[in-house]
Amino acid sequence: MYPVDLPAVDDTDMRSASEQYFSSLESKPLDNESFQSSQTSKVAITANNVSRLQVFEDDHPDCTVLALHAPDHPTQVVALYLHRKWWCVDDVLRTSSKSRSGLMSVQTIMERVIVFLLSQVVERLSPEEALFSLHPRTESCKLLWRDGQAVGFYTVKHKGSLCDSWSSRCYSLPVLDTVLVRKSWRRKGFGLQMLDDFCSSFSTEEVLGISAPLSPSMVAVCLRFLQLHEEHKEHLYEVEAPGGWTQQRNIWLSIQLGRYYHSKGVKEVSHPVSGRAERNKGDTSSHKMETSHSKLDPASINICNVTQMVESSEEQIKPSAPSQGSSPSIEVCWTGCSPAAHTYTLDAGSPNRRPKSLNTKQAVKSSLSPGCHSEKPEAEGKRRGAKRVRRT
C-alpha cells in the first residue's frame, strides 16, 4: 500500500509527527541511517539533508512535510516523511486502489500532498524555481489517476469564491485556474479530458472562464476542444479575476482573429481566417502546432503570479483530423493571476453588458471586411482639401 491508501490523517497529526521526528534528528543524530533512493545509491538521513516544505499558501497554522534532499543536489527531493516513515516521491504519487481511476475530487490531506508534489516538486522550471505558487488549503481540485498513478490535476475557482486573501473580490463565474499533466503522460488526450470535465461540471452556467493569460499550448487545447464541441464556442471565455464583463474575452473569437499568435518568440504569425502567415526572421523557436489553415507556435512562455509554460518538445497538432487520436498536452498553466501581473490585458472597451447572442462568425467577418478600414490620413487630408477648394 502507498501513503494515499493508508488510513486518513489530518494535517495536525502529520505536522506533529514531522516535528517530533525532526527534533529527534537534531538532538540525537541516528547513526548510519540512510534511505535507498535507487538500486545503486543511498542518501544519508541527517538534519542537514532534511527540510520542511510548506504545503499550502498563507497557511495558519503551517502545514509542512519533511523532505529528504540529495547532498549534492539540495533542491532535489528524494523522499517525504509520511505516516512515520520515508517514502520516495514516485511511491507517494501511486495508489494500490483500483477504484482510483480517472478524474477524482481531492478530499484528504494525502491527496493534497500529491497535488503539492506535482505542482512544486515533480515539474519545475529549474532546480531553483517551482512552476506554481502554492494552492490555498481549500482549493477545489481534481486529480487524474491512470494505471495506479497520479498523472495530472486541475483546479477551479468557483463562482462566488474569494479571488485572494487580501480583498473582498469574488469570482463572478466558474474559472478553470490551473492545469498540469506530467511529462511522461502527455499527448494522450488528458488536456482535452480535463477541459471537457470542467465544462461538464458546470453545464448549467451560461459562461465559463479560463484564467488569463492563456499559454500557446492551452490555446491549442481550447481550439481542438471547441472544434469538437461547437456548442461551447459562445460560452468559453478567457478571464481576469474577478471575471466581470469587461474582464472577459471570447476564446473562439480571439483564436479566429489571431490574438494569440503575436507573442514574443513566435516564429510564425498566423491568420487562421485568411490562411496567411508571416515569418519572423531570426527566431530560433522550434515549438510548432499546426492547425487546419496555418501553423501555430506555442513557444511563448507567459509568467503570471505563477508560471505558464508550454511543452519543451516540438509538437504538431492537426485539429481537422480527429482520427489521429493525439491532442495537445498542457504542461503548466496558471494560478490566481492578478491583473497587475499579466503580460497583457483584455480589451478595455468591452461592453458593460453581455449581448444576448455572440455571433462569432459575424464578428470575424466584420473585423476583417475591407469596407471597415478607415481612409489613410493622406487621402483624408486631400479629400478635405478638395472640399475647401470647392467652397472658395
# chains A, B, ... in the order shown; residues from 1 in each chain; ligands from 1

$ select_by_dssp --residues "stretch 22-105 of chain A" --states "strand (DSSP E or B)" --output "PyMOL selection string"
chain A and resi 34-36+42-44+50-54+64-70+73-82+85-88+94+102-105

$ write_last_selection --atoms "N, CA, C and O atoms" --output "tab-separated table (two decimals), in the first residue's frame"
chain	number	residue	atom	x	y	z
A	34	SER	N	20.01	5.71	6.56
A	34	SER	CA	20.02	6.18	5.18
A	34	SER	C	18.75	5.73	4.48
A	34	SER	O	18.03	4.84	4.96
A	35	PHE	N	18.51	6.35	3.32
A	35	PHE	CA	17.35	6.00	2.52
A	35	PHE	C	17.82	5.49	1.17
A	35	PHE	O	18.63	6.14	0.51
A	36	GLN	N	17.31	4.34	0.76
A	36	GLN	CA	17.68	3.76	-0.52
A	36	GLN	C	16.89	4.46	-1.62
A	36	GLN	O	15.75	4.12	-1.91
A	42	LYS	N	22.37	5.49	-2.04
A	42	LYS	CA	21.73	5.72	-0.75
A	42	LYS	C	21.95	7.17	-0.35
A	42	LYS	O	22.98	7.76	-0.68
A	43	VAL	N	20.98	7.73	0.37
A	43	VAL	CA	21.09	9.09	0.85
A	43	VAL	C	21.07	9.06	2.37
A	43	VAL	O	20.14	8.53	2.98
A	44	ALA	N	22.10	9.62	2.96
A	44	ALA	CA	22.18	9.66	4.41
A	44	ALA	C	21.11	10.59	4.97
A	44	ALA	O	20.86	11.66	4.44
A	50	VAL	N	17.63	17.27	5.54
A	50	VAL	CA	16.18	17.27	5.72
A	50	VAL	C	15.68	18.70	5.89
A	50	VAL	O	16.29	19.50	6.59
A	51	SER	N	14.58	19.02	5.21
A	51	SER	CA	13.99	20.36	5.32
A	51	SER	C	12.48	20.26	5.45
A	51	SER	O	11.88	19.22	5.14
A	52	ARG	N	11.87	21.35	5.91
A	52	ARG	CA	10.41	21.43	5.99
A	52	ARG	C	9.87	22.11	4.74
A	52	ARG	O	10.36	23.17	4.35
A	53	LEU	N	8.86	21.52	4.14
A	53	LEU	CA	8.22	22.11	2.96
A	53	LEU	C	6.80	22.51	3.31
A	53	LEU	O	6.02	21.70	3.82
A	54	GLN	N	6.47	23.78	3.06
A	54	GLN	CA	5.11	24.24	3.30
A	54	GLN	C	4.19	23.77	2.19
A	54	GLN	O	4.50	23.90	1.00
A	64	THR	N	3.25	21.49	7.12
A	64	THR	CA	4.53	21.19	6.49
A	64	THR	C	4.77	19.69	6.44
A	64	THR	O	4.21	18.92	7.23
A	65	VAL	N	5.61	19.29	5.49
A	65	VAL	CA	6.08	17.90	5.41
A	65	VAL	C	7.61	17.93	5.38
A	65	VAL	O	8.21	18.90	4.91
A	66	LEU	N	8.20	16.86	5.88
A	66	LEU	CA	9.66	16.76	5.84
A	66	LEU	C	10.10	16.17	4.53
A	66	LEU	O	9.52	15.18	4.04
A	67	ALA	N	11.12	16.78	3.93
A	67	ALA	CA	11.65	16.32	2.66
A	67	ALA	C	13.12	15.97	2.81
A	67	ALA	O	13.88	16.71	3.46
A	68	LEU	N	13.52	14.86	2.23
A	68	LEU	CA	14.93	14.44	2.23
A	68	LEU	C	15.54	14.84	0.90
A	68	LEU	O	15.00	14.53	-0.17
A	69	HIS	N	16.68	15.54	0.97
A	69	HIS	CA	17.35	16.04	-0.24
A	69	HIS	C	18.66	15.29	-0.47
A	69	HIS	O	19.31	14.84	0.48
A	70	ALA	N	19.03	15.19	-1.73
A	70	ALA	CA	20.33	14.62	-2.07
A	70	ALA	C	21.42	15.60	-1.65
A	70	ALA	O	21.29	16.81	-1.88
A	73	HIS	N	22.58	17.73	-4.47
A	73	HIS	CA	21.51	18.47	-5.13
A	73	HIS	C	20.51	18.91	-4.07
A	73	HIS	O	19.46	18.27	-3.88
A	74	PRO	N	20.76	19.99	-3.38
A	74	PRO	CA	19.91	20.39	-2.25
A	74	PRO	C	18.49	20.75	-2.63
A	74	PRO	O	17.61	20.78	-1.77
A	75	THR	N	18.22	21.03	-3.91
A	75	THR	CA	16.85	21.35	-4.32
A	75	THR	C	16.09	20.12	-4.81
A	75	THR	O	14.89	20.20	-5.07
A	76	GLN	N	16.77	18.99	-4.94
A	76	GLN	CA	16.12	17.77	-5.41
A	76	GLN	C	15.52	17.00	-4.23
A	76	GLN	O	16.22	16.66	-3.29
A	77	VAL	N	14.23	16.74	-4.30
A	77	VAL	CA	13.55	16.00	-3.24
A	77	VAL	C	13.62	14.51	-3.55
A	77	VAL	O	13.16	14.06	-4.60
A	78	VAL	N	14.21	13.77	-2.63
A	78	VAL	CA	14.36	12.33	-2.81
A	78	VAL	C	13.20	11.57	-2.19
A	78	VAL	O	12.70	10.59	-2.76
A	79	ALA	N	12.75	12.02	-1.00
A	79	ALA	CA	11.70	11.30	-0.28
A	79	ALA	C	10.95	12.26	0.63
A	79	ALA	O	11.44	13.35	0.96
A	80	LEU	N	9.74	11.84	1.05
A	80	LEU	CA	8.93	12.59	2.00
A	80	LEU	C	8.67	11.72	3.22
A	80	LEU	O	8.52	10.49	3.12
A	81	TYR	N	8.59	12.37	4.38
A	81	TYR	CA	8.30	11.67	5.63
A	81	TYR	C	6.79	11.71	5.88
A	81	TYR	O	6.23	12.73	6.26
A	82	LEU	N	6.14	10.57	5.64
A	82	LEU	CA	4.69	10.46	5.79
A	82	LEU	C	4.35	9.17	6.52
A	82	LEU	O	5.00	8.13	6.30
A	85	LYS	N	7.31	7.28	8.29
A	85	LYS	CA	8.39	6.62	7.57
A	85	LYS	C	8.68	7.42	6.29
A	85	LYS	O	7.91	8.28	5.88
A	86	TRP	N	9.83	7.11	5.67
A	86	TRP	CA	10.23	7.80	4.44
A	86	TRP	C	9.68	7.07	3.22
A	86	TRP	O	9.75	5.84	3.14
A	87	TRP	N	9.16	7.86	2.27
A	87	TRP	CA	8.63	7.32	1.03
A	87	TRP	C	9.29	8.06	-0.13
A	87	TRP	O	9.39	9.28	-0.11
A	88	CYS	N	9.70	7.33	-1.15
A	88	CYS	CA	10.23	8.00	-2.33
A	88	CYS	C	9.08	8.73	-3.04
A	88	CYS	O	7.90	8.37	-2.89
A	94	ARG	N	1.64	7.15	-6.16
A	94	ARG	CA	1.00	5.91	-6.59
A	94	ARG	C	-0.16	5.52	-5.67
A	94	ARG	O	-0.29	6.02	-4.56
A	102	GLY	N	-9.28	7.75	-13.34
A	102	GLY	CA	-9.88	8.92	-13.95
A	102	GLY	C	-9.78	10.14	-13.07
A	102	GLY	O	-8.93	10.22	-12.17
A	103	LEU	N	-10.65	11.10	-13.29
A	103	LEU	CA	-10.64	12.34	-12.53
A	103	LEU	C	-11.46	12.18	-11.25
A	103	LEU	O	-12.62	11.77	-11.29
A	104	MET	N	-10.83	12.49	-10.11
A	104	MET	CA	-11.48	12.34	-8.82
A	104	MET	C	-11.21	13.58	-7.98
A	104	MET	O	-10.09	14.11	-7.95
A	105	SER	N	-12.24	14.04	-7.27
A	105	SER	CA	-12.10	15.22	-6.43
A	105	SER	C	-11.13	14.96	-5.28
A	105	SER	O	-11.11	13.86	-4.71

$ closest_residue --among "A:Ser96, A:Glu129, A:Pro213, A:Arg84" --to "A:Gln20" --atoms "only C-alpha atoms"
A:Arg84

$ residues_around --residues "A:Val156" --least-positions-apart "3" --cutoff "9 Å" --atoms "only C-alpha atoms" --output "list in words"
Glu139, Ser140, Cys141, Lys142, Pro174, Val175, Leu176, Asp177, Thr178 and Phe198 of chain A

$ write_last_selection --atoms "C-alpha atoms" --output "CSV table (one decimal), in the first residue's frame"
chain,number,residue,atom,x,y,z
A,139,GLU,CA,-8.7,24.9,-3.3
A,140,SER,CA,-11.2,22.9,-5.4
A,141,CYS,CA,-9.2,20.4,-7.3
A,142,LYS,CA,-9.4,17.1,-9.2
A,174,PRO,CA,-16.5,29.4,-12.6
A,175,VAL,CA,-12.9,29.6,-13.7
A,176,LEU,CA,-10.5,26.8,-14.7
A,177,ASP,CA,-7.4,28.1,-13.0
A,178,THR,CA,-4.5,25.6,-13.1
A,198,PHE,CA,-14.6,21.2,-16.3

$ residues_around --residues "A:Tyr237" --least-positions-apart "3" --cutoff "8 Å" --atoms "only C-alpha atoms" --output "PyMOL selection string"
chain A and resi 207-210+248-251

$ write_last_selection --atoms "all heavy atoms" --output "short mmCIF file (atom, residue, chain, number, x, y, z; two decimals), in the first residue's frame"
data_model
loop_
_atom_site.label_atom_id
_atom_site.label_comp_id
_atom_site.auth_asym_id
_atom_site.auth_seq_id
_atom_site.Cartn_x
_atom_site.Cartn_y
_atom_site.Cartn_z
N VAL A 207 -21.80 31.13 -18.82
CA VAL A 207 -20.45 31.49 -19.22
C VAL A 207 -19.46 30.77 -18.32
O VAL A 207 -19.65 30.69 -17.10
CB VAL A 207 -20.22 33.01 -19.12
CG1 VAL A 207 -18.80 33.36 -19.54
CG2 VAL A 207 -21.21 33.77 -19.99
N LEU A 208 -18.38 30.23 -18.91
CA LEU A 208 -17.30 29.60 -18.17
C LEU A 208 -15.99 30.30 -18.52
O LEU A 208 -15.81 30.79 -19.64
CB LEU A 208 -17.19 28.11 -18.51
CG LEU A 208 -18.39 27.24 -18.12
CD1 LEU A 208 -18.18 25.81 -18.60
CD2 LEU A 208 -18.60 27.26 -16.61
N GLY A 209 -15.08 30.35 -17.56
CA GLY A 209 -13.83 31.06 -17.77
C GLY A 209 -12.60 30.18 -17.66
O GLY A 209 -12.62 29.13 -17.02
N ILE A 210 -11.53 30.64 -18.31
CA ILE A 210 -10.19 30.07 -18.15
C ILE A 210 -9.28 31.23 -17.79
O ILE A 210 -9.30 32.27 -18.45
CB ILE A 210 -9.70 29.37 -19.42
CG1 ILE A 210 -10.64 28.22 -19.79
CG2 ILE A 210 -8.28 28.84 -19.23
CD1 ILE A 210 -10.24 27.48 -21.06
N GLN A 248 -13.57 39.80 -19.66
CA GLN A 248 -13.79 38.54 -20.38
C GLN A 248 -13.53 38.73 -21.87
O GLN A 248 -13.82 39.78 -22.43
CB GLN A 248 -15.23 38.06 -20.18
CG GLN A 248 -15.62 37.82 -18.73
CD GLN A 248 -17.06 37.38 -18.60
OE1 GLN A 248 -17.73 37.08 -19.60
NE2 GLN A 248 -17.56 37.34 -17.38
N ARG A 249 -12.97 37.71 -22.46
CA ARG A 249 -12.73 37.71 -23.90
C ARG A 249 -13.07 36.33 -24.45
O ARG A 249 -12.55 35.32 -23.98
CB ARG A 249 -11.27 38.05 -24.19
CG ARG A 249 -10.87 37.87 -25.65
CD ARG A 249 -9.39 38.09 -25.86
NE ARG A 249 -9.05 39.49 -25.84
CZ ARG A 249 -7.82 39.95 -25.88
NH1 ARG A 249 -6.80 39.11 -25.89
NH2 ARG A 249 -7.58 41.25 -25.88
N ASN A 250 -13.95 36.29 -25.44
CA ASN A 250 -14.35 35.02 -26.02
C ASN A 250 -13.15 34.34 -26.68
O ASN A 250 -12.47 34.92 -27.53
CB ASN A 250 -15.46 35.24 -27.06
CG ASN A 250 -15.94 33.94 -27.66
OD1 ASN A 250 -15.43 33.50 -28.69
ND2 ASN A 250 -16.91 33.31 -27.03
N ILE A 251 -12.88 33.10 -26.29
CA ILE A 251 -11.68 32.39 -26.74
C ILE A 251 -11.78 32.03 -28.22
O ILE A 251 -10.81 32.21 -28.98
CB ILE A 251 -11.44 31.13 -25.88
CG1 ILE A 251 -11.09 31.54 -24.44
CG2 ILE A 251 -10.31 30.27 -26.48
CD1 ILE A 251 -10.92 30.37 -23.49
#

$ closest_residue --among "A:Thr155, A:Asp13, A:Glu26, A:Met1" --to "A:Lys98" --atoms "only C-alpha atoms"
A:Met1

$ closest_atom_pairs --of "stretch 104-169 of chain A" --to "stretch 3-7 of chain A" --cutoff "10 Å" --atoms "only C-alpha atoms" --output "CSV"
residue,atom,partner,partner_atom,distance
A:Thr108,CA,A:Val4,CA,8.4
A:Ile109,CA,A:Val4,CA,8.8
A:Met110,CA,A:Val4,CA,5.5
A:Glu111,CA,A:Val4,CA,6.5
A:Arg112,CA,A:Val4,CA,9.8
A:Val113,CA,A:Val4,CA,9.2
A:Ile114,CA,A:Val4,CA,8.5

$ write_last_selection --atoms "C-alpha atoms" --output "PDB file, in the first residue's frame"
ATOM      1  CA  THR A 108      -7.885  14.015   2.000  1.00  0.00           C
ATOM      2  CA  ILE A 109      -4.705  15.674   3.198  1.00  0.00           C
ATOM      3  CA  MET A 110      -2.638  12.994   1.404  1.00  0.00           C
ATOM      4  CA  GLU A 111      -4.325  13.799  -1.897  1.00  0.00           C
ATOM      5  CA  ARG A 112      -3.478  17.463  -1.336  1.00  0.00           C
ATOM      6  CA  VAL A 113       0.132  16.463  -0.681  1.00  0.00           C
ATOM      7  CA  ILE A 114       0.074  14.745  -4.085  1.00  0.00           C
TER       8      ILE A 114
END

$ atom_distance --atom1 "atom CA of A:Ser23" --atom2 "atom CA of A:Val92"
23.5 Å

$ atom_distance --atom1 "atom CA of A:Tyr261" --atom2 "atom CA of A:Val219"
9.8 Å

$ atom_distance --atom1 "atom CA of A:Gly152" --atom2 "atom CA of A:Leu180"
5.2 Å

$ select_by_dssp --residues "stretch 83-263 of chain A" --states "helix (DSSP H, G or I)" --output "ChimeraX atom specification"
/A:89-92,109-122,183-185,190-201,216-228,230-232,245-247,251-256
